[in-house]
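Q: This structure is in structure tokens; I'll ask about it shortly.
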Amino acid sequence: MEERETILEILDELAPGADFEGCTTLVDDRVLDSLTIVALVAELEDAFDITIPAVEVVVENFNSADGLTAMVKRLVEDQLD
Amino acid sequence: MTSYFSFIFLAAFLPAAVAVYAITPRRARWVVLLVASYLFFFWLSRELILALWVSTLAIYGTGLGLGALIRQRDSAVKAAKSGKREIRARFARKMKLVMAAGLLVNFGLLAAFKYLHFFASVIDGALGLVGITLNTELPVWAAPIGISFYTLMAGSYLIDVYRGTVAPDRNLGRVALFLGFFPQIMEGPISRYGQTADQLMAGHPVTRANLYAGTLRMLWGLGKKMIVADRLNAFVKPVFADYTAYDGGIIALGAVLYTVQLYCDFSGTMDVALGMGRIFGVSLPENFRQPFFSRTAAGFWQRWHITLGTWLRDYIYYPVSLSKPLKKLTSKARKRFGNRYGPLLASSAALFCVWFGNGLWHGAGSQYIFFGLYYFVLIVAGSLIEPTAVKVAERLHISRESAGYRAFQIARTLAVIVVGELFFRAEGLDAGLAMFAAMVCDFNGASLVDGSVFGVGAAGIGLDGHDLALVLAWVALMLVVGLIRERGVSITERVAAWPLPARWALWYALFLAVIIFGAYGTAYAPVDPMYAQF
């Protein structure tokens, strides 16, 4: 659950005021636009010491905090030696 | 040029293809689609079909090469106890080289057919500045039909295989059909391998429901193209060809009517393409979503030529903005300029590539590059002023969600679109600038107000009152349909639930409208589908 909390903090900082906890249409409803996504990727990479390649930037991963958490966990695991 | 709108295609080729497809056993139906696709391609482009075959073989072979490297990488990673990251990096380098070779063949062909002249003239011009005269004379080649569209599809397949989002295909037939499927070869939609390849091979039966929905959608598109777009050409063509003869009011009207013409032409062709796909049980991706209801220029491009926009987003915007140097730039800039403006630098660099690419994709001409950069400037400026616009609206107690404000945004975006299309259609950038200047400095509404512009004869320009009434009626119908769709209602599903007599009444009404009101005959020059030239 640690990752999820960190992700929620980052999201709150990037787009204050939006409901990130339960929203599952962050990209569809343009809460996260392409500009915010670029910043979000940079933040996530710093926070978790991972590389997020462009191929991961898809709606399924970015539409909800859960999707982001799953992606981050997977990349952390994949990128461990 | 033969097209989806020619009589022989609609009355003979398509019905024959559907009939043969329907009576062929399911497992062999994809062969019928492939043969029909190659016949259609050969019909339009003759021996240039070789270019399509080279592209097909190139992506097929490159895909298999990438697949072999992926297998080697995975077993190497599995066997290694440490250093997995290095192994992945080593293979990634090899895979990048293989992918680049495949992309080079495909985009090399595109460049050779479409851009050689443009690049040669740019180089000649640049050398001319330093006193060297080359006068490169290159032969003019006709381009294979749809090369701009299928090359992007070929590129997306290779990148998707490289990224691991689709498995490399061992079936050459499926790759060939994915690239060459005749309903989408002329003007798209630019589909992804994951969207259509399996559907095309499935050999879905021709059902009564699909036949009805497919032909209905085709009729709707034929109406847009033949009742509105082809009719408007009679006005648009002379105004753009001989713009010095007209005042700013007529040029403004020409730009508005061209915007309507282009939309009806392109989205009408898409209706025909998607309708044909539906008949074969293939769901092609939508390319339009009520673009004229957009509230911003950026929003417009999420609703207009959607498959080009998403292609540029997935294969240019994110890879560029998330490349290592730009990521570093974003991190630094965010600390300095904050979350709103910080990412803008990297994002703008990526957006520049997207819009330059968008302009260039449309054609090798200065007006197309200008068109792309016009949207680049507007979209970046929109991002820059957005926070200020929010604050100003708050100060003035204007709700940005109120109907009035939305109407203002839509009207503003429509003006932006019309000006963009003026430059897009103009015969060169100089002509576009002159027309824009005339529209701003010499705006004279007299010829519009007294109606003489629509008169027949010397004062009129191609359209009479009867033409205008038909165009307006069909546009009004499109507006109603657009408003219904905007509310999230699927008209196809709604109509499918109607009683049988009502469904057939609608079908015949559309059919008769196209037959009676389509712009045929000596009064109208036949118009090739506009996007087929891009």
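By order in the structure tokens, chains are A, B, ...; within a chain, residues start at 1; ligands start at 1, following the order shown.
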Per residue of chain B within 7 Å of chain A, what are the shortest atom pair and its distance in Å to one decimal, counting only C-alpha atoms, with rows by chain and residue number, as a tab-separated table?
A:
```
residue	atom	partner	partner_atom	distance
B:Ser82	CA	A:Asp81	CA	5.9
B:Gly83	CA	A:Asp81	CA	6.0
B:Lys84	CA	A:Asp81	CA	5.4
B:Arg85	CA	A:Asp81	CA	6.1
B:Arg163	CA	A:Val55	CA	6.5
B:Tyr318	CA	A:Ala54	CA	5.5
B:Pro319	CA	A:Ala54	CA	5.1
B:Ser321	CA	A:Val38	CA	6.9
B:Leu322	CA	A:Ala54	CA	6.4
B:Lys327	CA	A:Ala42	CA	6.3
B:Thr330	CA	A:Ala39	CA	6.8
B:Ser331	CA	A:Ala42	CA	6.3
B:Asn339	CA	A:Leu14	CA	6.1
B:Pro343	CA	A:Ala39	CA	5.7
B:Leu344	CA	A:Leu35	CA	6.9
B:Ser347	CA	A:Leu35	CA	6.5
```
Q: Please provide the set of residues having any atom within 7 Å of stretch 151-161 of chain B, restricted to only C-alpha atoms, with same-chain residues fewer than 5 positions apart removed, written as a PyMOL selection string.
A: chain B and resi 59+63+99+103+106-107+166-168+179+190-193
Q: Can you spit out the residues from that selection as a PDB file, in the first residue's frame, using N, CA and C atoms?
A:
```pdb
ATOM      1  N   ILE B  59       7.779  -5.516 -43.210  1.00  0.00           N
ATOM      2  CA  ILE B  59       7.333  -5.562 -41.803  1.00  0.00           C
ATOM      3  C   ILE B  59       7.168  -7.010 -41.342  1.00  0.00           C
ATOM      4  N   GLY B  63       9.392  -8.131 -38.313  1.00  0.00           N
ATOM      5  CA  GLY B  63       8.641  -8.631 -37.154  1.00  0.00           C
ATOM      6  C   GLY B  63       9.203  -9.974 -36.698  1.00  0.00           C
ATOM      7  N   MET B  99      14.519  -2.878 -35.843  1.00  0.00           N
ATOM      8  CA  MET B  99      13.289  -2.108 -36.061  1.00  0.00           C
ATOM      9  C   MET B  99      13.575  -0.921 -36.990  1.00  0.00           C
ATOM     10  N   LEU B 103      11.718   0.194 -40.392  1.00  0.00           N
ATOM     11  CA  LEU B 103      11.082   1.510 -40.525  1.00  0.00           C
ATOM     12  C   LEU B 103      11.680   2.269 -41.713  1.00  0.00           C
ATOM     13  N   ASN B 106      10.112   1.240 -44.983  1.00  0.00           N
ATOM     14  CA  ASN B 106       8.755   1.764 -45.137  1.00  0.00           C
ATOM     15  C   ASN B 106       8.720   3.272 -45.325  1.00  0.00           C
ATOM     16  N   PHE B 107       9.382   3.986 -44.421  1.00  0.00           N
ATOM     17  CA  PHE B 107       9.329   5.435 -44.527  1.00  0.00           C
ATOM     18  C   PHE B 107      10.215   5.932 -45.676  1.00  0.00           C
ATOM     19  N   VAL B 166       2.380  -6.347 -29.237  1.00  0.00           N
ATOM     20  CA  VAL B 166       1.781  -7.395 -30.086  1.00  0.00           C
ATOM     21  C   VAL B 166       2.863  -8.424 -30.403  1.00  0.00           C
ATOM     22  N   ALA B 167       2.418  -9.670 -30.594  1.00  0.00           N
ATOM     23  CA  ALA B 167       3.377 -10.723 -30.924  1.00  0.00           C
ATOM     24  C   ALA B 167       3.675 -10.660 -32.411  1.00  0.00           C
ATOM     25  N   PRO B 168       4.930 -10.910 -32.815  1.00  0.00           N
ATOM     26  CA  PRO B 168       5.234 -10.915 -34.250  1.00  0.00           C
ATOM     27  C   PRO B 168       4.424 -11.997 -34.952  1.00  0.00           C
ATOM     28  N   LEU B 179      -2.447  -4.729 -43.738  1.00  0.00           N
ATOM     29  CA  LEU B 179      -1.925  -3.533 -44.396  1.00  0.00           C
ATOM     30  C   LEU B 179      -2.770  -3.115 -45.607  1.00  0.00           C
ATOM     31  N   ILE B 190      -6.463   4.771 -39.843  1.00  0.00           N
ATOM     32  CA  ILE B 190      -5.148   4.184 -39.603  1.00  0.00           C
ATOM     33  C   ILE B 190      -5.289   3.269 -38.394  1.00  0.00           C
ATOM     34  N   SER B 191      -5.546   1.986 -38.654  1.00  0.00           N
ATOM     35  CA  SER B 191      -5.794   1.105 -37.504  1.00  0.00           C
ATOM     36  C   SER B 191      -4.485   0.480 -37.035  1.00  0.00           C
ATOM     37  N   ARG B 192      -4.533  -0.036 -35.809  1.00  0.00           N
ATOM     38  CA  ARG B 192      -3.371  -0.745 -35.252  1.00  0.00           C
ATOM     39  C   ARG B 192      -3.560  -2.226 -35.502  1.00  0.00           C
ATOM     40  N   TYR B 193      -2.443  -2.919 -35.538  1.00  0.00           N
ATOM     41  CA  TYR B 193      -2.480  -4.355 -35.770  1.00  0.00           C
ATOM     42  C   TYR B 193      -3.398  -5.053 -34.756  1.00  0.00           C
TER      43      TYR B 193
END
```
Q: Find the residues near B:Tyr531: any atom within 12 Å, counting only C-alpha atoms, skip ones fewer than 4 places away on the same chain, and give them as a ChimeraX atom specification.
A: /B:3,145-149,184-189,261-270,305,361-363,425,527
Q: Quick check for you: according to DSSP on this backbone, which residues of chain A are classed as alpha helix (DSSP H)? Reply as a VMD selection string.
A: chain A and resid 2 to 14 34 to 48 59 to 62 65 to 78
Q: Give me the residues near stretch 277-289 of chain B as a ChimeraX atom specification, where near means some atom within 6 Å (using only C-alpha atoms) and where sequence neighbours in that chain fewer than 5 positions away do not count.
A: /B:199,204,206,210-211,214,303-307
Q: Next, write the just-selected residues to a file, as an mmCIF file, in the first residue's frame, keeping C-alpha atoms as the atom set.
A:
```cif
data_model
loop_
_atom_site.group_PDB
_atom_site.id
_atom_site.type_symbol
_atom_site.label_atom_id
_atom_site.label_comp_id
_atom_site.auth_asym_id
_atom_site.auth_seq_id
_atom_site.Cartn_x
_atom_site.Cartn_y
_atom_site.Cartn_z
ATOM 1 C CA GLN B 199 -10.941 -9.544 -37.006
ATOM 2 C CA HIS B 204 -17.338 -13.441 -39.874
ATOM 3 C CA VAL B 206 -22.367 -11.597 -43.668
ATOM 4 C CA ASN B 210 -24.432 -6.125 -40.448
ATOM 5 C CA LEU B 211 -25.554 -5.757 -44.045
ATOM 6 C CA GLY B 214 -23.165 -1.312 -42.967
ATOM 7 C CA ARG B 303 -12.225 14.599 -32.510
ATOM 8 C CA TRP B 304 -10.907 15.123 -36.061
ATOM 9 C CA HIS B 305 -8.836 12.449 -37.850
ATOM 10 C CA ILE B 306 -8.586 10.672 -34.506
ATOM 11 C CA THR B 307 -6.480 7.755 -35.725
#
```
Q: Got a sec: who's within 12 Å of stretch 460-471 of chain B, counting only C-alpha atoms, leaving out chain neighbours fewer than 6 positions off, as a ChimeraX atom specification?
A: /B:223-240,242,245-246,250-251,253-254,257,260-261,264,447-448,450-454,477-478,513-514,516-519,523-525
Q: For B:Glu486, please output as a PyMOL selection string all residues within 12 Å (counting only C-alpha atoms; exclusion window: fewer than 2 positions along the same chain).
A: chain B and resi 288-294+303+478-484+488-491
Q: Could you jot down the atom CA of A:Ser64 to atom CA of B:Ala298 separation for me, Å, one decimal place?
A: 22.8 Å
Q: How many Å separate atom CA of B:Leu52 from atom CA of B:Asp528?
A: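 Atom CA of B:Asp528 lies at a distance of 21.4 Å from atom CA of B:Leu52.
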Q: Using Å and a single decimal, report how far atom CA of B:Leu14 sits from atom CA of B:Ala505.
A: 23.2 Å
Q: Between A:Glu77, A:Ala65, A:Glu9, A:Glu2, which is the closest to A:Gly22 once you count only C-alpha atoms?
A: A:Ala65
Q: From the set A:Asp29, A:Asp66, A:Glu60, A:Glu21, which residue has the shortest atom-to-atom contact distance to A:Glu3, counting only C-alpha atoms?
A: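 Closest to A:Glu3 of all the choices is A:Asp66.
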